[in-house]
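Visitor: The structure under discussion is supplied below as structure tokens; questions concerning it will follow.
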Amino acid sequence: MRLHVGCAMWTHAAWPVAAEPAASRLRAYAGWCDAVEGNTTFYATPSRSTVESWAGQTDPGFRFVVKLPKVITHERRLNGIDEDVRAFLHAIEPLGPRAHALWIQLPAAFAPGDVAALATFLRRLPRTYRYAVEVRHRAFFEEDRSISLLERALGTVEAEWVPFDTTVLFESRPTSDAERDAWTKKPRVPRRTRALTAHPIIRYLGRDDRETTIDGWQPWITTIAQWLREGRSPTVFIHTPDNAQALDLARLFHTHVRTAVPTLTPLPDPPPTEPLTLF
């Protein structure tokens, strides 16, 4: 029984890890959280040597949820992408067990009529990895037929459905530039709490206000605790509009789940940010 928590990136100007040299910030981040979203791979496939560096800075139990490049999912819409997929799989191979899941984030235009193409794509992928799919078309959240259609496609390869919970963000008007920016970019869909596999992955977006973010994740505490009791091993990524507090909030989320499930192993204490002295 293990809960992994993390953020959308492993460095931010407001975090203690930003004081580290760029080449070791992932190592420093891994002292705070044990998972990270691999968003940078959406924009370009990294070099294999870069991925080797990521592996060298993290323990085998650390989790990367690595996003497929947009050329595969958004530009070519899962068609004619064999060479791109092979190049991506070759690049991330050094992660080994750290590659918890390959994350297929699909555009909002991906509709129920496109599920057959997704099913074909998933069946052709190697079974050496887990797969997780994020959709943003509202039909997948509001129409029972569309929900069942997608769940059946994912179930054939035991892929997970990744919900991005933005409900707290859209509960009231934005109050900052970061929140206004998030309003224009983040999907506005209902909260989904159904896990399809033993390894559910959740993305939660709060607000700039810390207490509002904490209040908003309370339903997830109950859900995650139940999944742990069922023997599932969830991974949760905590976001805020500017992510300045996300690193600390991810650890706090883990602590709140431990309050509900006391047998859950705590996260290690993060390394000190300054040398210890006697005075």
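Every chain in the structure tokens has a letter given in the order shown (A, B, ...), and although residue numbers restart at 1 in each chain, ligands are simply numbered from 1 in the order shown.
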Return as a ChimeraX atom specification the full set of residues in range 49-110 of chain A whose backbone-based DSSP assignment is strand (DSSP E).

Guide: /A:63-67,99-105

Visitor: One decimal, Å: what's the distance from CA of Phe110 in chain A over to CA of Ala139 in chain A, could you say?

Guide: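 CA of Ala139 in chain A lies 10.1 Å from CA of Phe110 in chain A.
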
Visitor: Quick one: residues within 7 Å of range 73-83 of chain A, only C-alpha atoms counted, chain neighbours fewer than 2 positions away excluded, as a PyMOL selection string?

Guide: chain A and resi 69-71+85-87+105-107+121

Visitor: Those same residues, written as a compact mmCIF listing (two decimals), in the first residue's frame with all heavy atoms?

Guide:
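Output below, filename again30.txt:
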```
# COMPACT_ATOMS: atom_id res chain seq x y z
N PRO A 69 4.69 13.00 -26.79
CA PRO A 69 4.84 14.27 -27.51
C PRO A 69 3.57 14.66 -28.27
O PRO A 69 2.83 13.82 -28.77
CB PRO A 69 5.99 13.99 -28.47
CG PRO A 69 6.76 12.87 -27.84
CD PRO A 69 5.73 12.02 -27.16
N LYS A 70 3.36 15.97 -28.38
CA LYS A 70 2.16 16.50 -29.03
C LYS A 70 2.12 16.15 -30.52
O LYS A 70 1.03 16.11 -31.11
CB LYS A 70 2.07 18.00 -28.84
CG LYS A 70 3.18 18.81 -29.49
CD LYS A 70 2.98 20.30 -29.24
CE LYS A 70 4.09 21.13 -29.87
NZ LYS A 70 3.89 22.58 -29.65
N VAL A 71 3.27 15.89 -31.13
CA VAL A 71 3.25 15.50 -32.54
C VAL A 71 2.46 14.21 -32.72
O VAL A 71 1.82 13.99 -33.76
CB VAL A 71 4.69 15.35 -33.09
CG1 VAL A 71 5.42 14.19 -32.45
CG2 VAL A 71 4.66 15.20 -34.61
N VAL A 85 6.79 7.30 -32.24
CA VAL A 85 6.61 6.47 -31.05
C VAL A 85 7.87 5.68 -30.74
O VAL A 85 8.31 5.60 -29.59
CB VAL A 85 5.39 5.53 -31.21
CG1 VAL A 85 5.34 4.52 -30.06
CG2 VAL A 85 4.10 6.35 -31.26
N ARG A 86 8.47 5.10 -31.77
CA ARG A 86 9.70 4.33 -31.55
C ARG A 86 10.81 5.22 -30.98
O ARG A 86 11.53 4.81 -30.07
CB ARG A 86 10.16 3.68 -32.87
CG ARG A 86 9.46 2.36 -33.16
CD ARG A 86 10.17 1.59 -34.27
NE ARG A 86 9.92 2.20 -35.56
CZ ARG A 86 8.91 1.84 -36.37
NH1 ARG A 86 8.07 0.90 -35.99
NH2 ARG A 86 8.76 2.43 -37.55
N ALA A 87 10.93 6.43 -31.53
CA ALA A 87 11.96 7.35 -31.02
C ALA A 87 11.70 7.73 -29.57
O ALA A 87 12.63 7.81 -28.75
CB ALA A 87 12.00 8.61 -31.89
N GLN A 105 -2.21 12.40 -23.33
CA GLN A 105 -3.15 13.51 -23.15
C GLN A 105 -3.70 13.90 -24.51
O GLN A 105 -2.96 14.26 -25.42
CB GLN A 105 -2.45 14.70 -22.50
CG GLN A 105 -3.41 15.86 -22.19
CD GLN A 105 -2.67 17.08 -21.68
OE1 GLN A 105 -2.13 17.84 -22.46
NE2 GLN A 105 -2.62 17.24 -20.37
N LEU A 106 -5.02 13.81 -24.65
CA LEU A 106 -5.66 14.05 -25.94
C LEU A 106 -6.32 15.42 -25.97
O LEU A 106 -6.75 15.94 -24.93
CB LEU A 106 -6.69 12.95 -26.21
CG LEU A 106 -6.07 11.55 -26.35
CD1 LEU A 106 -7.12 10.47 -26.26
CD2 LEU A 106 -5.28 11.46 -27.65
N PRO A 107 -6.41 16.05 -27.14
CA PRO A 107 -6.98 17.40 -27.23
C PRO A 107 -8.48 17.40 -26.98
O PRO A 107 -9.15 16.36 -27.07
CB PRO A 107 -6.65 17.81 -28.67
CG PRO A 107 -6.53 16.53 -29.41
CD PRO A 107 -5.95 15.54 -28.44
N PHE A 121 -4.54 2.36 -31.48
CA PHE A 121 -3.23 2.86 -31.06
C PHE A 121 -2.77 2.16 -29.79
O PHE A 121 -1.62 1.70 -29.71
CB PHE A 121 -3.33 4.37 -30.83
CG PHE A 121 -2.08 5.00 -30.30
CD1 PHE A 121 -0.94 5.12 -31.08
CD2 PHE A 121 -2.04 5.47 -28.99
CE1 PHE A 121 0.21 5.71 -30.57
CE2 PHE A 121 -0.89 6.07 -28.48
CZ PHE A 121 0.24 6.18 -29.27
```

Visitor: With a distance cut-off of 9 Å and only C-alpha atoms, select the neighbouring residues of Thr166 in chain A, excluding the residue or stretch itself and same-chain residues fewer than 5 positions from it, and output the selection as a PyMOL selection string.

Guide: chain A and resi 171+186-191+203-206

Visitor: Write a file of the selected residues as a PDB file, in the first residue's frame, keeping C-alpha atoms.

Guide:
```
ATOM      1  CA  GLU A 171     -16.212  27.454  -8.404  1.00  0.00           C
ATOM      2  CA  LYS A 186      -7.608  24.441 -18.161  1.00  0.00           C
ATOM      3  CA  PRO A 187     -10.475  22.061 -19.001  1.00  0.00           C
ATOM      4  CA  ARG A 188     -13.812  22.747 -17.313  1.00  0.00           C
ATOM      5  CA  VAL A 189     -15.207  19.251 -16.794  1.00  0.00           C
ATOM      6  CA  PRO A 190     -16.940  17.448 -13.907  1.00  0.00           C
ATOM      7  CA  ARG A 191     -14.880  15.664 -11.268  1.00  0.00           C
ATOM      8  CA  ARG A 203      -4.348  15.582 -11.281  1.00  0.00           C
ATOM      9  CA  TYR A 204      -5.843  18.143  -8.905  1.00  0.00           C
ATOM     10  CA  LEU A 205      -5.813  21.912  -9.469  1.00  0.00           C
ATOM     11  CA  GLY A 206      -6.549  24.255  -6.581  1.00  0.00           C
TER      12      GLY A 206
END
```

Visitor: Extract, using only C-alpha atoms, all DNA, RNA and protein residues at most 12 Å from range 263-267 of chain A, discarding same-chain residues fewer than 5 positions from it, and format them as a PyMOL selection string.

Guide: chain A and resi 1-6+30-35+62+224-225+228-229+231+233+250-258

Visitor: Could you tell me how far CA of Asp84 in chain A lies from CA of Tyr43 in chain A, in Å and to one decimal?

Guide: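 Straight-line distance from CA of Asp84 in chain A to CA of Tyr43 in chain A works out to 12.6 Å.
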
Visitor: List the neighbours of Arg210 in chain A out to 10 Å using only C-alpha atoms; skip same-chain residues closer than 5 positions along the sequence, and give me the result as number ranges by chain.

Guide: A: 215-216, 240, 245-246, 249

Visitor: For the residues in that selection, give me N, CA, C and O atoms as a compact mmCIF listing (two decimals), in the first residue's frame.

Guide:
```
# COMPACT_ATOMS: atom_id res chain seq x y z
N ASP A 215 -9.26 22.83 1.24
CA ASP A 215 -10.68 22.49 1.38
C ASP A 215 -11.17 21.74 0.14
O ASP A 215 -11.95 20.78 0.25
N GLY A 216 -10.70 22.14 -1.02
CA GLY A 216 -11.16 21.53 -2.26
C GLY A 216 -10.72 20.11 -2.46
O GLY A 216 -11.35 19.35 -3.20
N THR A 240 -1.42 24.27 -8.41
CA THR A 240 -2.12 25.52 -8.16
C THR A 240 -1.90 26.39 -9.39
O THR A 240 -1.04 26.08 -10.22
N GLN A 245 3.14 27.13 -4.37
CA GLN A 245 2.99 26.37 -3.13
C GLN A 245 2.82 24.88 -3.38
O GLN A 245 2.62 24.11 -2.43
N ALA A 246 2.89 24.45 -4.62
CA ALA A 246 2.53 23.07 -4.95
C ALA A 246 3.42 22.04 -4.28
O ALA A 246 2.96 20.97 -3.88
N LEU A 249 2.36 21.70 -0.72
CA LEU A 249 0.99 21.19 -0.67
C LEU A 249 0.93 19.70 -1.03
O LEU A 249 0.11 18.96 -0.47
```

Visitor: Using CA of Pro163 in chain A and CA of Ile238 in chain A as the two end points, give the distance in Å to one decimal.

Guide: 12.4 Å

Visitor: As a PyMOL selection string, list the residues of range 23-259 of chain A assigned to helix (DSSP H, G or I) by DSSP on the backbone atoms of this structure.

Guide: chain A and resi 23-29+40-42+48-56+70-75+82-98+112-124+139-142+144-155+169-171+177-185+210-216+218-229+246-259

Visitor: Take the residues from that selection and put them in a file with C-alpha atoms, as an mmCIF file, in the first residue's frame.

Guide:
```cif
data_model
loop_
_atom_site.group_PDB
_atom_site.id
_atom_site.type_symbol
_atom_site.label_atom_id
_atom_site.label_comp_id
_atom_site.auth_asym_id
_atom_site.auth_seq_id
_atom_site.Cartn_x
_atom_site.Cartn_y
_atom_site.Cartn_z
ATOM 1 C CA ALA A 23 21.822 19.607 -13.090
ATOM 2 C CA SER A 24 20.801 18.394 -9.614
ATOM 3 C CA ARG A 25 17.378 19.987 -9.083
ATOM 4 C CA LEU A 26 15.550 16.771 -9.892
ATOM 5 C CA ARG A 27 17.603 15.005 -7.213
ATOM 6 C CA ALA A 28 16.665 17.745 -4.739
ATOM 7 C CA TYR A 29 12.993 17.569 -5.745
ATOM 8 C CA THR A 40 8.345 18.644 -20.939
ATOM 9 C CA THR A 41 8.223 15.585 -23.179
ATOM 10 C CA PHE A 42 4.963 16.905 -24.639
ATOM 11 C CA ARG A 48 18.448 9.578 -24.326
ATOM 12 C CA SER A 49 21.363 11.135 -22.421
ATOM 13 C CA THR A 50 18.962 13.608 -20.794
ATOM 14 C CA VAL A 51 16.734 10.761 -19.652
ATOM 15 C CA GLU A 52 19.778 8.902 -18.332
ATOM 16 C CA SER A 53 20.445 11.962 -16.179
ATOM 17 C CA TRP A 54 16.879 11.832 -14.838
ATOM 18 C CA ALA A 55 17.306 8.187 -13.932
ATOM 19 C CA GLY A 56 20.636 8.878 -12.254
ATOM 20 C CA LYS A 70 2.160 16.498 -29.032
ATOM 21 C CA VAL A 71 3.252 15.503 -32.542
ATOM 22 C CA ILE A 72 1.738 12.082 -31.754
ATOM 23 C CA THR A 73 -1.404 13.104 -29.874
ATOM 24 C CA HIS A 74 -2.320 16.565 -31.150
ATOM 25 C CA GLU A 75 -0.689 17.170 -34.521
ATOM 26 C CA ASP A 82 5.207 4.811 -35.808
ATOM 27 C CA GLU A 83 8.644 6.431 -36.102
ATOM 28 C CA ASP A 84 7.798 9.098 -33.515
ATOM 29 C CA VAL A 85 6.608 6.471 -31.048
ATOM 30 C CA ARG A 86 9.700 4.329 -31.554
ATOM 31 C CA ALA A 87 11.962 7.352 -31.022
ATOM 32 C CA PHE A 88 10.086 8.294 -27.846
ATOM 33 C CA LEU A 89 10.221 4.779 -26.387
ATOM 34 C CA HIS A 90 13.936 4.553 -27.148
ATOM 35 C CA ALA A 91 14.572 7.885 -25.413
ATOM 36 C CA ILE A 92 12.731 7.055 -22.174
ATOM 37 C CA GLU A 93 14.033 3.496 -21.862
ATOM 38 C CA PRO A 94 16.726 4.494 -19.289
ATOM 39 C CA LEU A 95 13.997 5.346 -16.787
ATOM 40 C CA GLY A 96 13.367 1.639 -16.302
ATOM 41 C CA PRO A 97 10.881 1.071 -13.447
ATOM 42 C CA ARG A 98 10.702 4.823 -12.827
ATOM 43 C CA PRO A 112 -16.350 9.736 -28.832
ATOM 44 C CA GLY A 113 -16.128 9.173 -32.569
ATOM 45 C CA ASP A 114 -12.343 9.013 -32.237
ATOM 46 C CA VAL A 115 -12.246 6.250 -29.608
ATOM 47 C CA ALA A 116 -11.745 3.513 -32.207
ATOM 48 C CA ALA A 117 -8.494 5.183 -33.331
ATOM 49 C CA LEU A 118 -7.350 5.360 -29.708
ATOM 50 C CA ALA A 119 -8.167 1.691 -29.149
ATOM 51 C CA THR A 120 -6.128 0.696 -32.195
ATOM 52 C CA PHE A 121 -3.234 2.865 -31.062
ATOM 53 C CA LEU A 122 -3.255 1.399 -27.534
ATOM 54 C CA ARG A 123 -3.315 -2.198 -28.796
ATOM 55 C CA ARG A 124 -0.179 -1.560 -30.866
ATOM 56 C CA ALA A 139 -19.171 14.018 -23.696
ATOM 57 C CA PHE A 140 -16.810 11.663 -21.842
ATOM 58 C CA PHE A 141 -17.972 13.169 -18.559
ATOM 59 C CA GLU A 142 -21.676 13.691 -19.243
ATOM 60 C CA ASP A 144 -23.091 7.378 -20.204
ATOM 61 C CA ARG A 145 -22.636 5.849 -23.652
ATOM 62 C CA SER A 146 -19.461 7.836 -24.303
ATOM 63 C CA ILE A 147 -18.096 7.034 -20.854
ATOM 64 C CA SER A 148 -18.675 3.310 -21.380
ATOM 65 C CA LEU A 149 -17.168 3.447 -24.856
ATOM 66 C CA LEU A 150 -13.929 4.954 -23.561
ATOM 67 C CA GLU A 151 -13.752 2.702 -20.497
ATOM 68 C CA ARG A 152 -14.080 -0.398 -22.693
ATOM 69 C CA ALA A 153 -11.277 0.807 -24.976
ATOM 70 C CA LEU A 154 -9.004 1.480 -22.018
ATOM 71 C CA GLY A 155 -9.916 -1.800 -20.360
ATOM 72 C CA LEU A 169 -10.735 26.583 -9.821
ATOM 73 C CA PHE A 170 -14.068 27.178 -11.557
ATOM 74 C CA GLU A 171 -16.212 27.454 -8.404
ATOM 75 C CA ASP A 177 -3.415 36.856 -13.122
ATOM 76 C CA ALA A 178 -2.409 33.225 -12.595
ATOM 77 C CA GLU A 179 -5.992 32.178 -11.931
ATOM 78 C CA ARG A 180 -7.255 34.160 -14.924
ATOM 79 C CA ASP A 181 -4.676 32.442 -17.110
ATOM 80 C CA ALA A 182 -5.738 29.032 -15.774
ATOM 81 C CA TRP A 183 -9.373 29.878 -16.532
ATOM 82 C CA THR A 184 -8.505 30.304 -20.206
ATOM 83 C CA LYS A 185 -6.378 27.161 -20.512
ATOM 84 C CA ARG A 210 -3.904 27.804 0.247
ATOM 85 C CA GLU A 211 -6.940 27.071 2.407
ATOM 86 C CA THR A 212 -9.267 26.986 -0.591
ATOM 87 C CA THR A 213 -6.956 24.466 -2.239
ATOM 88 C CA ILE A 214 -6.915 22.298 0.901
ATOM 89 C CA ASP A 215 -10.682 22.488 1.378
ATOM 90 C CA GLY A 216 -11.161 21.533 -2.257
ATOM 91 C CA GLN A 218 -11.100 16.883 0.913
ATOM 92 C CA PRO A 219 -13.266 14.622 -1.315
ATOM 93 C CA TRP A 220 -10.049 13.169 -2.714
ATOM 94 C CA ILE A 221 -8.790 12.283 0.758
ATOM 95 C CA THR A 222 -11.807 9.998 1.174
ATOM 96 C CA THR A 223 -11.433 8.508 -2.313
ATOM 97 C CA ILE A 224 -7.678 7.907 -2.041
ATOM 98 C CA ALA A 225 -8.054 6.359 1.409
ATOM 99 C CA GLN A 226 -10.648 3.933 0.036
ATOM 100 C CA TRP A 227 -8.427 3.027 -2.905
ATOM 101 C CA LEU A 228 -5.539 2.285 -0.570
ATOM 102 C CA ARG A 229 -7.748 0.025 1.556
ATOM 103 C CA ALA A 246 2.526 23.075 -4.954
ATOM 104 C CA LEU A 247 5.633 21.336 -3.577
ATOM 105 C CA ASP A 248 4.661 21.888 0.039
ATOM 106 C CA LEU A 249 0.992 21.186 -0.674
ATOM 107 C CA ALA A 250 1.796 17.823 -2.277
ATOM 108 C CA ARG A 251 3.496 16.718 0.938
ATOM 109 C CA LEU A 252 0.587 18.070 2.986
ATOM 110 C CA PHE A 253 -1.875 16.084 0.872
ATOM 111 C CA HIS A 254 0.090 12.924 1.673
ATOM 112 C CA THR A 255 -0.064 13.808 5.383
ATOM 113 C CA HIS A 256 -3.833 14.289 5.215
ATOM 114 C CA VAL A 257 -4.277 10.870 3.619
ATOM 115 C CA ARG A 258 -2.118 9.354 6.379
ATOM 116 C CA THR A 259 -4.523 10.819 8.921
#
```

Visitor: Report as a Markdown table: every residue of range 46-141 of chain A with an atom at most 12 Å from range 7-12 of chain A, its closest pair of atoms, and their distance in Å to one decimal, counting only C-alpha atoms, with rows sorted by chain and ascending residue number.

Guide:
```
| residue | atom | partner | partner_atom | distance |
| --- | --- | --- | --- | --- |
| A:Trp54 | CA | A:Trp10 | CA | 10.8 |
| A:Gln57 | CA | A:Trp10 | CA | 11.7 |
| A:Thr58 | CA | A:Trp10 | CA | 11.7 |
| A:Arg63 | CA | A:Cys7 | CA | 11.3 |
| A:Phe64 | CA | A:Met9 | CA | 10.5 |
| A:Val65 | CA | A:Ala8 | CA | 9.9 |
| A:Val66 | CA | A:Ala8 | CA | 10.8 |
| A:Lys67 | CA | A:Ala8 | CA | 11.2 |
```

Visitor: May I ask which of the residues A:Val168, A:Ala260, A:Ala132, A:Val236 is the closest one to Arg207 in chain A, counting only C-alpha atoms?

Guide: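 Counting only C-alpha atoms, the residue closest to Arg207 in chain A is A:Val168.
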